[in-house]
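Raw contents of model-v3.csv, CSV, C-alpha atoms and all ligand atoms:
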```csv
chain,number,residue,atom,x,y,z
A,9,MET,CA,16.5,15.8,-1.9
A,10,ILE,CA,13.7,16.3,0.7
A,11,PRO,CA,11.9,12.9,0.7
A,12,PHE,CA,8.2,12.7,1.0
A,13,LEU,CA,8.5,10.5,4.1
A,14,ASN,CA,11.7,9.3,5.7
A,15,LEU,CA,10.6,6.1,7.4
A,16,LYS,CA,14.1,5.1,8.2
A,17,LYS,CA,14.6,8.3,10.2
A,18,ILE,CA,11.2,8.1,11.8
A,19,ASN,CA,11.9,4.6,13.2
A,20,ALA,CA,15.5,5.3,14.0
A,21,GLN,CA,14.2,7.6,16.8
A,22,TYR,CA,12.9,4.5,18.6
A,23,SER,CA,15.5,2.1,17.4
A,24,ASP,CA,16.7,0.9,20.8
A,25,ASP,CA,13.2,0.3,22.1
A,26,LEU,CA,12.1,-1.4,18.9
A,27,LYS,CA,15.1,-3.8,19.0
A,28,GLU,CA,14.5,-4.6,22.6
A,29,ALA,CA,10.8,-5.3,22.0
A,30,CYS,CA,11.8,-7.5,19.0
A,31,SER,CA,14.3,-9.5,21.1
A,32,ARG,CA,11.6,-10.0,23.8
A,33,VAL,CA,9.3,-11.5,21.3
A,34,ILE,CA,12.0,-13.7,19.7
A,35,ASP,CA,13.0,-15.0,23.1
A,36,SER,CA,9.4,-15.6,24.3
A,37,GLY,CA,8.9,-18.4,21.8
A,38,TRP,CA,5.2,-17.2,21.3
A,39,TYR,CA,4.5,-15.4,18.0
A,40,LEU,CA,0.8,-15.2,17.4
A,41,MET,CA,-2.2,-14.3,19.6
A,42,GLY,CA,-0.2,-13.8,22.8
A,43,GLN,CA,0.5,-11.2,25.5
A,44,GLU,CA,2.0,-8.6,23.1
A,45,LEU,CA,-1.3,-8.5,21.1
A,46,LYS,CA,-3.4,-8.3,24.3
A,47,THR,CA,-1.3,-5.5,25.6
A,48,PHE,CA,-1.4,-3.5,22.4
A,49,GLU,CA,-5.1,-4.1,21.9
A,50,ASN,CA,-5.8,-2.9,25.4
A,51,ASP,CA,-3.6,0.2,25.1
A,52,PHE,CA,-5.0,1.1,21.6
A,53,ALA,CA,-8.6,0.7,22.8
A,54,ASN,CA,-7.8,3.0,25.7
A,55,TYR,CA,-6.1,5.5,23.4
A,56,CYS,CA,-9.2,5.5,21.1
A,57,ASP,CA,-11.7,5.6,24.1
A,58,THR,CA,-13.4,2.4,23.0
A,59,ASP,CA,-14.0,-0.8,25.0
A,60,PHE,CA,-12.3,-3.1,22.5
A,61,SER,CA,-9.8,-3.2,19.8
A,62,VAL,CA,-9.2,-6.3,17.7
A,63,GLY,CA,-5.9,-6.7,15.8
A,64,VAL,CA,-6.1,-7.9,12.2
A,65,ALA,CA,-3.5,-8.3,9.4
A,66,ASN,CA,-4.0,-4.9,7.8
A,67,GLY,CA,-6.4,-1.9,7.3
A,68,LEU,CA,-8.2,-3.4,4.4
A,69,ASP,CA,-9.1,-6.5,6.5
A,70,ALA,CA,-10.2,-4.2,9.3
A,71,LEU,CA,-12.8,-2.7,7.0
A,72,THR,CA,-13.7,-6.0,5.2
A,73,LEU,CA,-14.1,-8.1,8.3
A,74,THR,CA,-16.3,-5.5,10.1
A,75,LEU,CA,-18.7,-5.5,7.2
A,76,ARG,CA,-18.5,-9.3,7.0
A,77,ALA,CA,-19.2,-9.6,10.8
A,78,TRP,CA,-22.3,-7.5,10.4
A,79,LYS,CA,-23.4,-9.9,7.6
A,80,GLU,CA,-22.8,-12.9,9.8
A,81,LEU,CA,-24.7,-11.2,12.7
A,82,GLY,CA,-27.7,-10.7,10.4
A,83,LYS,CA,-27.4,-6.9,10.2
A,84,LEU,CA,-26.5,-6.7,6.5
A,85,ASN,CA,-27.4,-8.7,3.5
A,86,ASP,CA,-26.0,-9.0,-0.1
A,87,GLY,CA,-27.0,-6.0,-2.1
A,88,ASP,CA,-27.4,-3.6,0.8
A,89,GLU,CA,-26.0,-0.1,0.1
A,90,VAL,CA,-23.0,1.6,1.8
A,91,ILE,CA,-22.6,5.3,1.4
A,92,VAL,CA,-18.9,6.3,1.0
A,93,GLN,CA,-17.1,9.4,-0.5
A,94,ALA,CA,-16.0,8.9,-4.1
A,95,ASN,CA,-12.6,10.5,-3.6
A,96,THR,CA,-11.3,7.8,-1.1
A,97,TYR,CA,-8.5,5.3,-1.4
A,98,ILE,CA,-9.7,2.2,-3.2
A,99,ALA,CA,-9.5,0.0,0.0
A,100,SER,CA,-12.7,1.6,1.4
A,101,VAL,CA,-14.5,0.5,-1.8
A,102,LEU,CA,-12.9,-2.9,-2.0
A,103,ALA,CA,-14.1,-3.8,1.5
A,104,ILE,CA,-17.7,-3.1,0.3
A,105,THR,CA,-17.6,-4.9,-3.0
A,106,GLU,CA,-15.8,-7.9,-1.5
A,107,ASN,CA,-18.8,-8.4,0.8
A,108,ASN,CA,-21.3,-8.2,-2.1
A,109,LEU,CA,-22.6,-4.9,-0.9
A,110,ILE,CA,-23.2,-1.9,-3.1
A,111,PRO,CA,-20.9,1.2,-2.8
A,112,VAL,CA,-22.9,4.4,-3.2
A,113,LEU,CA,-20.2,6.9,-4.2
A,114,VAL,CA,-21.0,10.5,-3.2
A,115,GLU,CA,-19.2,13.8,-3.7
A,116,ALA,CA,-17.2,15.0,-0.7
A,117,ASN,CA,-16.9,18.5,0.7
A,118,GLU,CA,-14.5,20.1,-1.7
A,119,LEU,CA,-12.6,22.0,1.0
A,120,THR,CA,-12.3,19.3,3.7
A,121,PHE,CA,-12.3,16.2,1.4
A,122,ASN,CA,-14.7,14.5,3.8
A,123,LEU,CA,-18.4,13.5,3.6
A,124,CYS,CA,-21.1,16.2,3.6
A,125,PRO,CA,-24.1,15.4,5.9
A,126,GLU,CA,-26.5,16.9,3.4
A,127,VAL,CA,-25.1,14.9,0.5
A,128,VAL,CA,-25.3,11.7,2.6
A,129,ARG,CA,-28.9,12.4,3.5
A,130,LYS,CA,-29.9,12.8,-0.2
A,131,ALA,CA,-28.2,9.5,-1.1
A,132,ILE,CA,-30.2,7.4,1.4
A,133,THR,CA,-32.6,4.8,-0.1
A,134,ARG,CA,-34.6,1.9,1.3
A,135,LYS,CA,-31.5,-0.3,0.7
A,136,THR,CA,-29.0,1.9,2.6
A,137,LYS,CA,-27.6,0.2,5.6
A,138,VAL,CA,-24.2,1.7,6.3
A,139,ILE,CA,-22.4,5.0,6.2
A,140,LEU,CA,-18.7,4.7,5.7
A,141,PRO,CA,-17.0,8.0,6.4
A,142,VAL,CA,-13.3,8.1,5.5
A,143,HIS,CA,-11.4,10.6,7.7
A,144,LEU,CA,-9.2,11.6,4.8
A,145,TYR,CA,-5.7,13.1,5.3
A,146,GLY,CA,-6.1,13.0,9.1
A,147,GLN,CA,-9.2,15.2,9.6
A,148,LEU,CA,-12.3,13.8,11.2
A,149,SER,CA,-15.6,13.8,9.2
A,150,PRO,CA,-18.5,15.8,10.7
A,151,MET,CA,-19.3,12.9,12.9
A,152,ALA,CA,-21.9,14.5,15.2
A,153,GLU,CA,-24.1,15.3,12.2
A,154,LEU,CA,-23.5,11.9,10.5
A,155,MET,CA,-24.5,10.1,13.7
A,156,VAL,CA,-27.7,12.0,13.9
A,157,ILE,CA,-28.5,10.9,10.3
A,158,ALA,CA,-27.5,7.3,11.2
A,159,ASP,CA,-29.8,7.3,14.2
A,160,GLU,CA,-32.7,8.7,12.3
A,161,TYR,CA,-32.4,6.0,9.6
A,162,ASN,CA,-31.1,3.2,11.8
A,163,LEU,CA,-27.9,2.9,9.8
A,164,LEU,CA,-24.6,1.4,10.9
A,165,VAL,CA,-21.5,3.6,10.8
A,166,LEU,CA,-18.0,2.2,10.0
A,167,GLU,CA,-15.3,4.8,10.2
A,168,ASP,CA,-12.3,4.4,8.0
A,169,CYS,CA,-9.6,5.7,10.4
A,170,ALA,CA,-6.6,4.5,8.4
A,171,GLN,CA,-5.3,8.1,8.2
A,172,ALA,CA,-6.7,9.5,11.4
A,173,HIS,CA,-5.2,7.8,14.5
A,174,GLY,CA,-5.8,10.1,17.4
A,175,ALA,CA,-7.9,12.7,15.5
A,176,ILE,CA,-10.5,14.4,17.5
A,177,ILE,CA,-13.7,16.3,16.7
A,178,ASP,CA,-16.1,17.8,19.3
A,179,GLY,CA,-14.0,16.2,22.0
A,180,LYS,CA,-14.3,12.6,20.7
A,181,LYS,CA,-11.7,10.4,19.1
A,182,ALA,CA,-11.5,8.7,15.7
A,183,GLY,CA,-12.9,5.2,15.9
A,184,SER,CA,-15.1,6.0,18.9
A,185,TRP,CA,-17.9,7.8,17.0
A,186,GLY,CA,-19.3,5.0,14.8
A,187,HIS,CA,-20.3,1.4,15.6
A,188,ALA,CA,-16.8,0.5,14.6
A,189,GLY,CA,-13.6,2.1,13.4
A,190,ALA,CA,-11.1,0.5,11.0
A,191,PHE,CA,-7.4,1.3,11.4
A,192,SER,CA,-4.4,0.6,9.3
A,193,PHE,CA,-0.9,0.4,10.7
A,194,TYR,CA,0.8,0.3,7.3
A,195,PRO,CA,4.4,1.6,7.9
A,196,GLY,CA,3.7,5.0,6.4
A,197,LYS,CA,0.6,5.7,8.5
A,198,ASN,CA,0.8,8.1,11.5
A,199,LEU,CA,1.0,5.0,13.7
A,200,GLY,CA,2.9,2.6,11.5
A,201,ALA,CA,4.1,-1.0,12.2
A,202,LEU,CA,7.3,-2.4,10.6
A,203,GLY,CA,5.2,-4.4,8.2
A,204,ASP,CA,1.4,-4.8,7.7
A,205,ALA,CA,-1.0,-4.6,10.6
A,206,GLY,CA,-4.5,-3.2,11.3
A,207,ALA,CA,-7.2,-3.1,14.0
A,208,VAL,CA,-10.9,-2.5,14.5
A,209,THR,CA,-12.1,-0.5,17.5
A,210,THR,CA,-15.6,-0.9,18.8
A,211,SER,CA,-17.5,-0.8,22.1
A,212,ASN,CA,-19.7,-3.7,21.0
A,213,GLU,CA,-18.5,-6.9,22.5
A,214,VAL,CA,-20.4,-9.2,20.2
A,215,LEU,CA,-19.0,-7.4,17.1
A,216,ALA,CA,-15.4,-7.5,18.6
A,217,LYS,CA,-15.7,-11.3,19.2
A,218,THR,CA,-17.2,-12.0,15.7
A,219,ILE,CA,-14.4,-10.0,14.0
A,220,ARG,CA,-11.8,-11.9,16.1
A,221,ALA,CA,-13.4,-15.3,15.1
A,222,LEU,CA,-13.6,-14.3,11.4
A,223,GLY,CA,-9.9,-13.4,11.3
A,224,ASN,CA,-9.1,-16.7,12.9
A,225,TYR,CA,-10.6,-19.2,10.4
A,226,GLY,CA,-14.1,-18.4,11.7
A,227,SER,CA,-13.3,-20.0,15.0
A,228,TYR,CA,-14.4,-18.9,18.5
A,229,LYS,CA,-13.0,-22.1,20.0
A,230,ARG,CA,-10.0,-24.0,18.7
A,231,TYR,CA,-10.8,-26.4,15.9
A,232,GLU,CA,-14.5,-25.5,16.0
A,233,ASN,CA,-15.4,-23.4,13.0
A,234,THR,CA,-18.6,-21.3,13.1
A,235,TYR,CA,-17.9,-19.3,10.0
A,236,GLN,CA,-16.0,-19.8,6.7
A,237,GLY,CA,-13.4,-17.4,8.1
A,238,VAL,CA,-10.1,-16.1,6.8
A,239,ASN,CA,-6.6,-15.8,8.3
A,240,SER,CA,-6.1,-12.2,9.4
A,241,ARG,CA,-4.1,-11.8,12.6
A,242,LEU,CA,-1.8,-9.2,14.0
A,243,ASP,CA,1.6,-10.8,14.8
A,244,GLU,CA,3.2,-10.6,18.2
A,245,ILE,CA,6.2,-8.9,16.7
A,246,GLN,CA,4.1,-6.2,15.0
A,247,ALA,CA,2.1,-5.7,18.2
A,248,ALA,CA,5.3,-5.2,20.1
A,249,MET,CA,6.5,-2.6,17.5
A,250,LEU,CA,3.2,-0.8,17.7
A,251,SER,CA,3.3,-0.7,21.5
A,252,VAL,CA,6.6,1.1,21.4
A,253,LYS,CA,5.3,3.6,18.7
A,254,LEU,CA,1.9,4.2,20.4
A,255,LYS,CA,3.8,5.8,23.3
A,256,HIS,CA,5.2,8.4,20.9
A,257,LEU,CA,2.1,9.0,18.8
A,258,SER,CA,1.0,12.2,20.4
A,259,GLY,CA,4.5,13.6,20.0
A,260,GLN,CA,4.5,12.7,16.4
A,261,ILE,CA,1.1,14.4,15.9
A,262,THR,CA,2.4,17.6,17.6
A,263,ALA,CA,5.4,17.6,15.2
A,264,ARG,CA,3.0,17.2,12.2
A,265,ARG,CA,0.8,20.0,13.4
A,266,LYS,CA,3.7,22.3,13.7
A,267,ILE,CA,4.7,21.7,10.1
A,268,ALA,CA,1.1,22.0,8.9
A,269,ASN,CA,0.7,25.3,10.7
A,270,THR,CA,4.0,26.6,9.3
A,271,TYR,CA,2.7,25.7,5.8
A,272,LEU,CA,-0.7,27.3,6.4
A,273,ASP,CA,0.9,30.5,7.6
A,274,GLY,CA,3.7,30.6,5.0
A,275,ILE,CA,2.2,29.5,1.7
A,276,SER,CA,0.8,32.6,0.0
A,277,ASN,CA,1.0,31.7,-3.7
A,278,PRO,CA,-2.5,32.6,-5.1
A,279,ALA,CA,-2.2,29.6,-7.5
A,280,ILE,CA,-2.4,27.3,-4.5
A,281,ILE,CA,-5.5,26.3,-2.6
A,282,LEU,CA,-4.6,25.3,1.0
A,283,PRO,CA,-6.5,22.6,2.9
A,284,LYS,CA,-9.4,23.8,5.0
A,285,VAL,CA,-9.2,23.0,8.7
A,286,GLU,CA,-12.6,22.8,10.4
A,287,LYS,CA,-11.4,22.0,13.9
A,288,GLN,CA,-7.8,22.9,14.3
A,289,GLU,CA,-7.2,21.0,17.5
A,290,GLY,CA,-8.3,17.7,16.1
A,291,HIS,CA,-6.5,17.3,12.8
A,292,VAL,CA,-3.6,14.9,12.9
A,293,TRP,CA,-2.2,15.8,9.5
A,294,HIS,CA,-1.5,12.4,8.0
A,295,LEU,CA,-1.1,14.3,4.7
A,296,PHE,CA,-0.9,18.0,3.8
A,297,VAL,CA,-2.8,18.2,0.6
A,298,ILE,CA,-2.9,21.4,-1.5
A,299,LYS,CA,-4.7,21.9,-4.7
A,300,SER,CA,-3.6,23.6,-7.9
A,301,PHE,CA,-4.9,23.7,-11.5
A,302,LYS,CA,-1.3,23.5,-12.5
A,303,ARG,CA,-0.7,20.4,-10.3
A,304,ASN,CA,1.5,18.4,-12.7
A,305,GLU,CA,3.7,21.4,-13.5
A,306,LEU,CA,4.0,22.3,-9.8
A,307,SER,CA,5.0,18.7,-8.8
A,308,ARG,CA,7.7,18.7,-11.6
A,309,TYR,CA,8.9,22.1,-10.5
A,310,LEU,CA,9.2,21.0,-6.9
A,311,LEU,CA,11.0,17.8,-7.9
A,312,ASP,CA,13.5,19.9,-9.9
A,313,ALA,CA,14.0,21.9,-6.7
A,314,GLY,CA,14.7,18.7,-4.7
A,315,ILE,CA,11.2,18.3,-3.1
A,316,GLU,CA,9.4,15.0,-3.4
A,317,THR,CA,5.6,15.1,-3.6
A,318,ILE,CA,2.9,12.5,-4.0
A,319,ILE,CA,-0.6,12.5,-5.4
A,320,HIS,CA,-3.3,11.0,-3.1
A,321,TYR,CA,-4.8,9.8,-5.4
A,322,PRO,CA,-4.3,10.2,-9.1
A,323,ILE,CA,-7.3,8.0,-10.2
A,324,ALA,CA,-10.7,7.8,-8.4
A,325,PRO,CA,-11.8,4.2,-7.5
A,326,HIS,CA,-14.8,4.4,-10.0
A,327,ASN,CA,-12.3,5.2,-12.8
A,328,GLN,CA,-10.0,2.3,-12.0
A,329,ASP,CA,-10.0,-0.6,-14.5
A,330,ALA,CA,-10.9,-2.9,-11.5
A,331,TYR,CA,-14.3,-1.2,-11.4
A,332,SER,CA,-14.8,-0.3,-15.1
A,333,GLY,CA,-18.4,-1.0,-15.9
A,334,LYS,CA,-18.8,-2.8,-12.5
A,335,ILE,CA,-20.3,-0.2,-10.3
A,336,SER,CA,-23.0,2.3,-11.1
A,337,HIS,CA,-22.6,5.8,-10.0
A,338,ALA,CA,-23.9,9.3,-10.7
A,339,GLU,CA,-21.7,11.9,-12.4
A,340,LEU,CA,-18.9,12.8,-10.1
A,341,PRO,CA,-17.4,16.0,-11.5
A,342,LEU,CA,-16.2,17.3,-8.2
A,343,THR,CA,-14.4,14.1,-7.3
A,344,GLU,CA,-12.7,14.1,-10.7
A,345,LYS,CA,-11.6,17.7,-10.2
A,346,LEU,CA,-10.1,16.7,-6.8
A,347,HIS,CA,-8.2,13.9,-8.4
A,348,ASP,CA,-6.8,16.2,-11.0
A,349,THR,CA,-5.7,19.0,-8.7
A,350,VAL,CA,-4.6,17.5,-5.4
A,351,LEU,CA,-0.9,17.3,-4.4
A,352,SER,CA,0.6,16.1,-1.0
A,353,LEU,CA,3.6,18.0,0.4
A,354,PRO,CA,6.2,16.3,2.6
A,355,ILE,CA,4.9,16.3,6.2
A,356,ASP,CA,7.4,14.0,7.9
A,357,PRO,CA,7.5,14.6,11.6
A,358,THR,CA,11.4,14.4,11.5
A,359,MET,CA,11.7,17.2,8.9
A,360,SER,CA,13.7,20.2,10.0
A,361,ILE,CA,12.0,23.7,10.1
A,362,ASP,CA,14.6,24.8,7.5
A,363,ASP,CA,13.3,22.2,5.1
A,364,VAL,CA,9.7,23.3,5.7
A,365,ASN,CA,10.7,27.0,5.1
A,366,TYR,CA,12.6,26.0,1.9
A,367,ILE,CA,9.5,24.2,0.7
A,368,ILE,CA,7.3,27.3,1.4
A,369,GLU,CA,9.7,29.7,-0.4
A,370,THR,CA,9.9,27.3,-3.4
A,371,ILE,CA,6.1,27.0,-3.6
A,372,ASN,CA,5.7,30.8,-3.3
A,373,GLY,CA,8.1,31.2,-6.2
A,374,PHE,CA,6.1,29.0,-8.5
A,375,GLU,CA,4.4,30.8,-11.4
B,401,LIG,C1,-4.0,2.9,4.0
B,401,LIG,C2,-5.5,2.9,3.9
B,401,LIG,C3,-6.3,1.8,3.9
B,401,LIG,C4,-5.8,0.4,3.9
B,401,LIG,O1,-4.8,0.0,4.8
B,401,LIG,P1,-3.8,-1.2,4.6
B,401,LIG,O2,-3.2,-1.4,5.9
B,401,LIG,O3,-2.8,-0.7,3.6
B,401,LIG,O4,-4.6,-2.3,4.1
B,401,LIG,C5,-7.7,1.9,3.9
B,401,LIG,N1,-8.2,3.1,3.8
B,401,LIG,C6,-7.5,4.3,3.8
B,401,LIG,C7,-8.2,5.6,3.7
B,401,LIG,C8,-6.1,4.2,3.8
B,401,LIG,O5,-5.4,5.3,3.7
```
Would you write out, as structure tokens, the structure that this file holds?
Ligand SMILES: *Cc1c(COP(=O)(O)O)cnc(C)c1O
Amino acid sequence: MIPFLNLKKINAQYSDDLKEACSRVIDSGWYLMGQELKTFENDFANYCDTDFSVGVANGLDALTLTLRAWKELGKLNDGDEVIVQANTYIASVLAITENNLIPVLVEANELTFNLCPEVVRKAITRKTKVILPVHLYGQLSPMAELMVIADEYNLLVLEDCAQAHGAIIDGKKAGSWGHAGAFSFYPGKNLGALGDAGAVTTSNEVLAKTIRALGNYGSYKRYENTYQGVNSRLDEIQAAMLSVKLKHLSGQITARRKIANTYLDGISNPAIILPKVEKQEGHVWHLFVIKSFKRNELSRYLLDAGIETIIHYPIAPHNQDAYSGKISHAELPLTEKLHDTVLSLPIDPTMSIDDVNYIIETINGFE
């Protein structure tokens, strides 16, 4: 069986360094908000070309606490609108509704899966305050165009970078385009911890400090609580694991690109629609997502041939029970078509080229 993602094999590549880092934290006697976190935050901010990065407990909190911080800073109010693509993972929408903001779900570009500037422009109302582009599957949204719109209408931009660590468009990195970028280090992400973790990148110091305070019981100063905050911190152990893995991120991205390019060159079955790459050099290929009108048959056929695939995502957020009757939205036929046709192929950086070629041959043999 070719697994969708072999996390054991991925982390085994760094096993000695991870164990050493783990021992260092155990022996230090300091487990939260210490040197490991500072080092990782500093390195990650440098990697993303931002002035700050603030570690939090997970990617959902990175999104939620950024919007919350803008509320505390008086930039957002209950009922303000946030434009986001309808085909995203539910976390992007949960962060909006959790803050009593209104998600305005729009159709994405069918070929890139990301926001279309023209569609965003049409969705703007007097209540619009934020654009939340989700860099789905590892490809950056058209940020230059989106930032022009944001400047024109004085909107905040929060990038959901959970799938796009290190992605570049027009020479600029994910998380450095908007006013803030929210990252997840869920174990299966391109930069994955050995548990939950997340971070916000920004070059706005006030925002960085407010997010830090909100994630630490609303406290800037010990035992003095400015906000009704939450507990959302990035542990020393996870920061140490991430520091080890950050050093290897660009190598992992190169391996993913090689697999993606082999798929793009090799898959020739006319029943398959390949993902469209707008800027080849910048895509980090968190997922390789093909489309097929016979998606369910194809996935069963591949499983019978020993190839595991996953659907990202089978149900759109607006069709989830959690939101049934709770968010208003226009008709979203394109989004629903995407959810019915997408299929993610294995793109594990440790996969052998023989496995990749076997997957290509098998797909080309599908009728
Ligand atoms: C994974 C993911 C998140 C949430 O990250 P967690 O660390 O699991 O909370 C948010 N948005 C997108 C697009 C994701 O893929």
Distance table requested - chain A against ligand LIG 401 (chain B), cut-off 9 Å, only C-alpha atoms and all ligand atoms: one row per qualifying residue with the closest atom pair and its distance in Å to one decimal, ordered by chain and rising residue number, as a Markdown table.
```
| residue | atom | partner | partner_atom | distance |
| --- | --- | --- | --- | --- |
| A:Ala65 | CA | B:LIG401 | O2 | 7.7 |
| A:Asn66 | CA | B:LIG401 | O2 | 4.1 |
| A:Gly67 | CA | B:LIG401 | O1 | 3.5 |
| A:Leu68 | CA | B:LIG401 | O4 | 3.8 |
| A:Asp69 | CA | B:LIG401 | O4 | 6.6 |
| A:Ala70 | CA | B:LIG401 | O4 | 7.9 |
| A:Leu71 | CA | B:LIG401 | C5 | 7.5 |
| A:Thr96 | CA | B:LIG401 | C7 | 6.1 |
| A:Tyr97 | CA | B:LIG401 | C7 | 5.1 |
| A:Ile98 | CA | B:LIG401 | N1 | 7.2 |
| A:Ala99 | CA | B:LIG401 | C5 | 4.7 |
| A:Ser100 | CA | B:LIG401 | N1 | 5.3 |
| A:Val101 | CA | B:LIG401 | N1 | 8.8 |
| A:Ala103 | CA | B:LIG401 | C5 | 8.9 |
| A:Val142 | CA | B:LIG401 | C7 | 6.0 |
| A:His143 | CA | B:LIG401 | C7 | 7.2 |
| A:Leu144 | CA | B:LIG401 | C7 | 6.2 |
| A:Tyr145 | CA | B:LIG401 | O5 | 8.0 |
| A:Asp168 | CA | B:LIG401 | N1 | 6.0 |
| A:Cys169 | CA | B:LIG401 | C7 | 6.8 |
| A:Ala170 | CA | B:LIG401 | C8 | 4.6 |
| A:Gln171 | CA | B:LIG401 | O5 | 5.3 |
| A:Ala172 | CA | B:LIG401 | C7 | 8.8 |
| A:Ala190 | CA | B:LIG401 | C5 | 8.0 |
| A:Phe191 | CA | B:LIG401 | O1 | 7.2 |
| A:Ser192 | CA | B:LIG401 | O2 | 4.1 |
| A:Phe193 | CA | B:LIG401 | O2 | 5.6 |
| A:Tyr194 | CA | B:LIG401 | O2 | 4.6 |
| A:Pro195 | CA | B:LIG401 | O2 | 8.4 |
| A:Gly196 | CA | B:LIG401 | C1 | 8.3 |
| A:Lys197 | CA | B:LIG401 | C1 | 7.0 |
| A:Asp204 | CA | B:LIG401 | O2 | 6.0 |
| A:Ala205 | CA | B:LIG401 | O2 | 6.1 |
| A:Gly206 | CA | B:LIG401 | O2 | 5.8 |
```
Per-residue nearest contacts range 131-226 of chain A to range 41-48 of chain A, cut-off 12 Å, using only C-alpha atoms, as CSV:
```
residue,atom,partner,partner_atom,distance
A:Ala201,CA,A:Phe48,CA,11.9
A:Ala205,CA,A:Leu45,CA,11.2
A:Gly206,CA,A:Phe48,CA,11.5
A:Ala207,CA,A:Phe48,CA,10.2
A:Arg220,CA,A:Met41,CA,10.5
A:Gly223,CA,A:Met41,CA,11.4
A:Asn224,CA,A:Met41,CA,9.9
```
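For the pair CA of Ser61 in chain A and CA of Thr105 in chain A, the separation is 24.2 Å.
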When you draw a straight line from CA of Ala94 in chain A to CA of Asp178 in chain A, how long is it in Å?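 Separation of CA of Ala94 in chain A and CA of Asp178 in chain A: 25.0 Å.
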Using CA of Leu311 in chain A and CA of Pro278 in chain A as the two end points, give the distance in Å to one decimal.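 One can read the CA of Leu311 in chain A to CA of Pro278 in chain A distance as 20.2 Å.
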Could you give me, as a tab-separated table, every range 258-310 of chain A residue with an atom at most 10 Å from range 363-369 of chain A, plus its closest atom pair and distance in Å to one decimal, counting all atoms listed in the file, rows ordered by chain then number?
```
residue	atom	partner	partner_atom	distance
A:Ile267	CA	A:Val364	CA	6.8
A:Ala268	CA	A:Val364	CA	9.3
A:Thr270	CA	A:Val364	CA	7.5
A:Tyr271	CA	A:Ile368	CA	6.6
A:Leu272	CA	A:Ile368	CA	9.4
A:Asp273	CA	A:Ile368	CA	9.5
A:Gly274	CA	A:Ile368	CA	6.1
A:Ile275	CA	A:Ile368	CA	5.6
A:Ser276	CA	A:Ile368	CA	8.5
A:Asn277	CA	A:Ile368	CA	9.2
A:Leu310	CA	A:Ile367	CA	8.3
```
Using all atoms listed in the file: which of A:Asp312, A:Glu115, A:Asp24, A:Asp51 has the shortest distance to Lys255 in chain A: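 Nearest candidate to Lys255 in chain A out of A:Asp312, A:Glu115, A:Asp24, A:Asp51: A:Asp51.
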Hey, which of A:Ser307, A:Ser336, A:Ser240, A:Thr343 ends up closest to Leu73 in chain A? Count all atoms listed in the file. A:Ser240
